[in-house]
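J.: Structure file target32.cif, mmCIF, C-alpha atoms, is pasted below:
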```cif
data_structure
loop_
_atom_site.label_atom_id
_atom_site.label_comp_id
_atom_site.auth_asym_id
_atom_site.auth_seq_id
_atom_site.Cartn_x
_atom_site.Cartn_y
_atom_site.Cartn_z
CA MET A 1 -4.11 -111.82 -119.15
CA GLY A 2 -3.97 -109.57 -116.09
CA GLN A 3 -6.57 -111.71 -114.31
CA LEU A 4 -4.53 -114.84 -114.93
CA VAL A 5 -1.44 -113.24 -113.41
CA ALA A 6 -3.51 -112.03 -110.43
CA VAL A 7 -4.96 -115.52 -109.86
CA ILE A 8 -1.50 -117.10 -110.03
CA LEU A 9 -0.12 -114.56 -107.55
CA ASN A 10 -3.10 -115.10 -105.21
CA VAL A 11 -2.63 -118.88 -105.29
CA MET A 12 1.10 -118.50 -104.63
CA LEU A 13 0.36 -116.14 -101.73
CA LEU A 14 -2.17 -118.55 -100.23
CA LEU A 15 0.31 -121.42 -100.46
CA MET A 16 3.10 -119.41 -98.87
CA VAL A 17 0.88 -118.27 -96.00
CA SER A 18 -0.21 -121.85 -95.37
CA LEU A 19 3.39 -123.07 -95.39
CA GLY A 20 4.34 -120.24 -93.05
CA LEU A 21 1.62 -121.25 -90.58
CA LEU A 22 2.77 -124.87 -90.74
CA GLN A 23 6.35 -123.71 -90.13
CA VAL A 24 5.29 -121.74 -87.05
CA HIS A 25 3.26 -124.71 -85.79
CA THR A 26 6.24 -127.04 -86.27
CA VAL A 27 8.57 -124.75 -84.32
CA VAL A 28 6.08 -124.20 -81.47
CA GLN A 29 5.37 -127.95 -81.21
CA ALA A 30 9.09 -128.79 -81.09
CA GLU A 31 9.69 -126.13 -78.45
CA ASN A 32 6.82 -127.43 -76.28
CA GLU A 33 8.07 -131.00 -76.57
CA LEU A 34 11.60 -129.87 -75.67
CA MET A 35 10.28 -128.02 -72.61
CA GLU A 36 8.33 -131.10 -71.46
CA VAL A 37 11.29 -133.44 -71.91
CA SER A 38 13.63 -131.04 -70.11
CA ALA A 39 11.23 -130.78 -67.15
CA ALA A 40 11.05 -134.57 -66.89
CA ALA A 41 14.85 -134.89 -67.16
CA THR A 42 15.37 -132.22 -64.49
CA LYS A 43 13.01 -134.07 -62.14
CA TYR A 44 14.86 -137.32 -62.90
CA ILE A 45 18.22 -135.75 -62.01
CA SER A 46 16.84 -134.09 -58.86
CA ASN A 47 15.41 -137.37 -57.60
CA ARG A 48 18.42 -139.56 -58.45
CA GLY A 49 21.57 -137.48 -58.29
CA GLY A 50 24.72 -138.99 -59.71
CA THR A 51 28.28 -140.03 -59.06
CA ASN A 52 29.91 -138.04 -61.86
CA GLU A 53 28.81 -135.83 -64.73
CA SER A 54 29.66 -138.19 -67.60
CA LEU A 55 27.80 -141.15 -66.10
CA LEU A 56 24.85 -138.94 -65.23
CA GLN A 57 24.80 -137.55 -68.76
CA GLU A 58 24.57 -141.09 -70.18
CA GLU A 59 21.74 -141.94 -67.76
CA VAL A 60 19.87 -138.75 -68.71
CA ARG A 61 20.30 -139.55 -72.42
CA ALA A 62 18.83 -143.03 -71.84
CA PHE A 63 15.97 -141.50 -69.82
CA ILE A 64 15.25 -138.96 -72.57
CA ALA A 65 15.24 -141.70 -75.23
CA LYS A 66 12.76 -143.69 -73.16
CA GLU A 67 10.62 -140.59 -72.55
CA LEU A 68 10.53 -139.70 -76.26
CA ALA A 69 9.55 -143.25 -77.19
CA GLU A 70 6.80 -143.47 -74.55
CA LYS A 71 5.22 -140.14 -75.42
CA ARG A 72 5.80 -140.51 -79.19
CA PHE A 73 7.21 -137.04 -79.60
CA SER A 74 8.43 -135.80 -82.96
CA LEU A 75 11.86 -134.95 -81.50
CA SER A 76 14.79 -137.17 -82.37
CA GLU A 77 17.10 -138.27 -79.60
CA ARG A 78 20.02 -138.51 -82.05
CA GLU A 79 19.79 -134.81 -82.93
CA MET A 80 19.49 -133.69 -79.30
CA SER A 81 22.49 -132.37 -77.43
CA VAL A 82 22.41 -132.96 -73.65
CA SER A 83 24.65 -131.21 -71.15
CA VAL A 84 24.51 -131.61 -67.35
CA THR A 85 26.88 -129.56 -65.21
CA ARG A 86 27.05 -128.83 -61.52
CA THR A 87 26.83 -125.12 -60.87
CA HIS A 88 27.31 -125.22 -57.09
CA SER A 89 28.59 -128.02 -54.88
CA ALA A 90 29.92 -128.51 -51.39
CA ASP A 91 32.56 -131.01 -52.54
CA PRO A 92 34.21 -130.74 -55.98
CA VAL A 93 34.44 -134.54 -56.37
CA LEU A 94 31.44 -136.10 -54.63
CA TRP A 95 27.84 -135.28 -55.47
CA SER A 96 25.71 -134.66 -52.42
CA HIS A 97 22.40 -133.23 -51.28
CA ALA A 98 21.73 -129.61 -52.18
CA ASP A 99 24.18 -129.63 -55.09
CA GLU A 100 22.87 -127.40 -57.83
CA PHE A 101 23.00 -128.36 -61.49
CA SER A 102 22.19 -126.99 -64.90
CA LEU A 103 20.61 -129.06 -67.68
CA VAL A 104 20.87 -127.78 -71.26
CA LEU A 105 18.98 -129.49 -74.10
CA THR A 106 19.61 -128.30 -77.65
CA ILE A 107 18.06 -129.35 -80.96
CA PRO A 108 18.52 -128.02 -84.50
CA TYR A 109 15.96 -125.44 -85.55
CA PRO A 110 13.00 -127.47 -86.88
CA GLY A 111 11.78 -126.82 -90.38
CA PHE A 112 8.68 -127.94 -92.20
CA THR A 113 9.87 -126.98 -95.65
CA SER A 114 13.03 -125.67 -97.23
CA TRP A 115 11.08 -123.02 -99.14
CA ILE A 116 10.93 -120.80 -96.08
CA LEU A 117 14.34 -119.70 -94.93
CA ALA A 118 14.90 -120.51 -91.29
CA PRO A 119 17.69 -119.19 -89.11
CA ALA A 120 20.65 -121.52 -88.79
CA GLU A 121 20.22 -121.43 -85.05
CA THR A 122 19.16 -124.03 -82.54
CA LEU A 123 16.35 -124.30 -80.04
CA GLN A 124 17.77 -124.52 -76.53
CA VAL A 125 16.22 -125.05 -73.11
CA THR A 126 18.17 -124.51 -69.89
CA ARG A 127 16.84 -125.77 -66.57
CA GLN A 128 18.30 -125.27 -63.11
CA GLY A 129 17.78 -127.78 -60.32
CA THR A 130 18.89 -129.06 -56.95
CA ILE A 131 19.74 -132.64 -56.03
CA ASN A 132 17.08 -133.82 -53.57
CA VAL A 133 17.76 -137.52 -53.22
CA MET A 134 20.86 -139.54 -54.00
CA ASP A 135 20.94 -143.17 -55.21
CA TYR A 136 22.46 -144.35 -51.96
CA ASP A 137 19.48 -142.92 -50.02
CA LEU A 138 17.05 -145.28 -51.78
#
```
Transcribe the structure of this file into structure tokens.

T.:
Amino acid sequence: MGQLVAVILNVMLLLMVSLGLLQVHTVVQAENELMEVSAAATKYISNRGGTNESLLQEEVRAFIAKELAEKRFSLSEREMSVSVTRTHSADPVLWSHADEFSLVLTIPYPGFTSWILAPAETLQVTRQGTINVMDYDL
């Protein structure tokens, strides 16, 4: 009887360790994909600029959706929160060269299984950038 209990506990332990490794892999993969998408979005903003934050945010969302589809990432564009704000500008209304911006991408904490309790937090990536080229320069 004791051996049966020991075998059952060993099998349960092996399953939990495997699920834990898959959970860690899922989180690391989602974080890497988020970092890659945020780098591409930052480059997009730096090379295009914008006329206002709301229009630029819509363009960045469309760019991220296209990027996720092309690279077949596991991230969902619907769950992603995108925020673009200017942190430093010469003119408060017009965007111009050398304006600095901050891009924040946030997704819910990914989970492989509900058996392992995950924090109710989010994964967030913040990138800083400078506008290099504006649309009217092209």

J.: Given only C-alpha atoms as the basis, pick out the residue of A:Gln128, A:Ser54, A:Ser102, A:Ser74 nearest to Val27 in chain A.

T.: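 Going through A:Gln128, A:Ser54, A:Ser102, A:Ser74 one by one, the smallest distance to Val27 in chain A is for A:Ser74.
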
J.: Between A:Ile131, A:Val84, A:Ala6, A:Leu123, which one has atoms that come closest to Ser96 in chain A, using only C-alpha atoms?

T.: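 The closest residue to Ser96 in chain A is A:Ile131.
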
J.: Using all atoms listed in the file, find the one residue out of A:Asp91, A:Glu36, A:Arg86, A:His25 that sits nearest to Phe73 in chain A.

T.: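 Nearest candidate to Phe73 in chain A out of A:Asp91, A:Glu36, A:Arg86, A:His25: A:Glu36.
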
J.: So which residues get picked by the PyMOL selection byres ((chain A and resi 76) around 12) here, written as a PyMOL selection string?

T.: chain A and resi 30+33-34+37+61+64-69+72-75+77-81+106-108+110

J.: What does the distance from CA of Gln124 in chain A to CA of Leu105 in chain A come to in Å, to one decimal?

T.: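 Here the two named atoms are 5.7 Å from each other.
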
J.: Out of A:Asn47, A:Ser83, A:Asn10, A:Gln29, which residue has the shortest atom-to-atom distance to Val104 in chain A when counting all atoms listed in the file?

T.: A:Ser83

J.: Record the distance separating CA of His88 in chain A and CA of Glu100 in chain A, expressed in Å with one decimal.

T.: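 Separation between CA of His88 in chain A and CA of Glu100 in chain A: 5.0 Å.
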
J.: Between A:Leu103, A:Met12, A:Ser89, A:Ala98, which is the closest to Lys43 in chain A once you count all atoms listed in the file?

T.: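 Ranked by minimum distance to Lys43 in chain A, first place goes to A:Leu103.
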
J.: Between CA of Gln23 in chain A and CA of Phe63 in chain A, measure the distance and give it in Å to one decimal.

T.: 28.7 Å

J.: Translate the PyMOL selection byres ((chain A and resi 53) around 12) into a concrete residue list for this structure, as a ChimeraX atom specification.

T.: /A:45,49-52,54-60,82-87,92-95,101-103

J.: Write out the residues from the selection above, keeping C-alpha atoms, as a compact mmCIF listing (two decimals), in the frame of the given file.

T.:
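Okay, this is what ended up in again.txt:
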```txt
# COMPACT_ATOMS: atom_id res chain seq x y z
CA ILE A 45 18.22 -135.75 -62.01
CA GLY A 49 21.57 -137.48 -58.29
CA GLY A 50 24.72 -138.99 -59.71
CA THR A 51 28.28 -140.03 -59.06
CA ASN A 52 29.91 -138.04 -61.86
CA SER A 54 29.66 -138.19 -67.60
CA LEU A 55 27.80 -141.15 -66.10
CA LEU A 56 24.85 -138.94 -65.23
CA GLN A 57 24.80 -137.55 -68.76
CA GLU A 58 24.57 -141.09 -70.18
CA GLU A 59 21.74 -141.94 -67.76
CA VAL A 60 19.87 -138.75 -68.71
CA VAL A 82 22.41 -132.96 -73.65
CA SER A 83 24.65 -131.21 -71.15
CA VAL A 84 24.51 -131.61 -67.35
CA THR A 85 26.88 -129.56 -65.21
CA ARG A 86 27.05 -128.83 -61.52
CA THR A 87 26.83 -125.12 -60.87
CA PRO A 92 34.21 -130.74 -55.98
CA VAL A 93 34.44 -134.54 -56.37
CA LEU A 94 31.44 -136.10 -54.63
CA TRP A 95 27.84 -135.28 -55.47
CA PHE A 101 23.00 -128.36 -61.49
CA SER A 102 22.19 -126.99 -64.90
CA LEU A 103 20.61 -129.06 -67.68
```

J.: Pick from A:Asn32, A:Met1, A:Gly129, A:Leu9: nearest to Arg48 in chain A, with all atoms listed in the file counted?

T.: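 Residue with the minimum atom-to-atom distance to Arg48 in chain A: A:Gly129.
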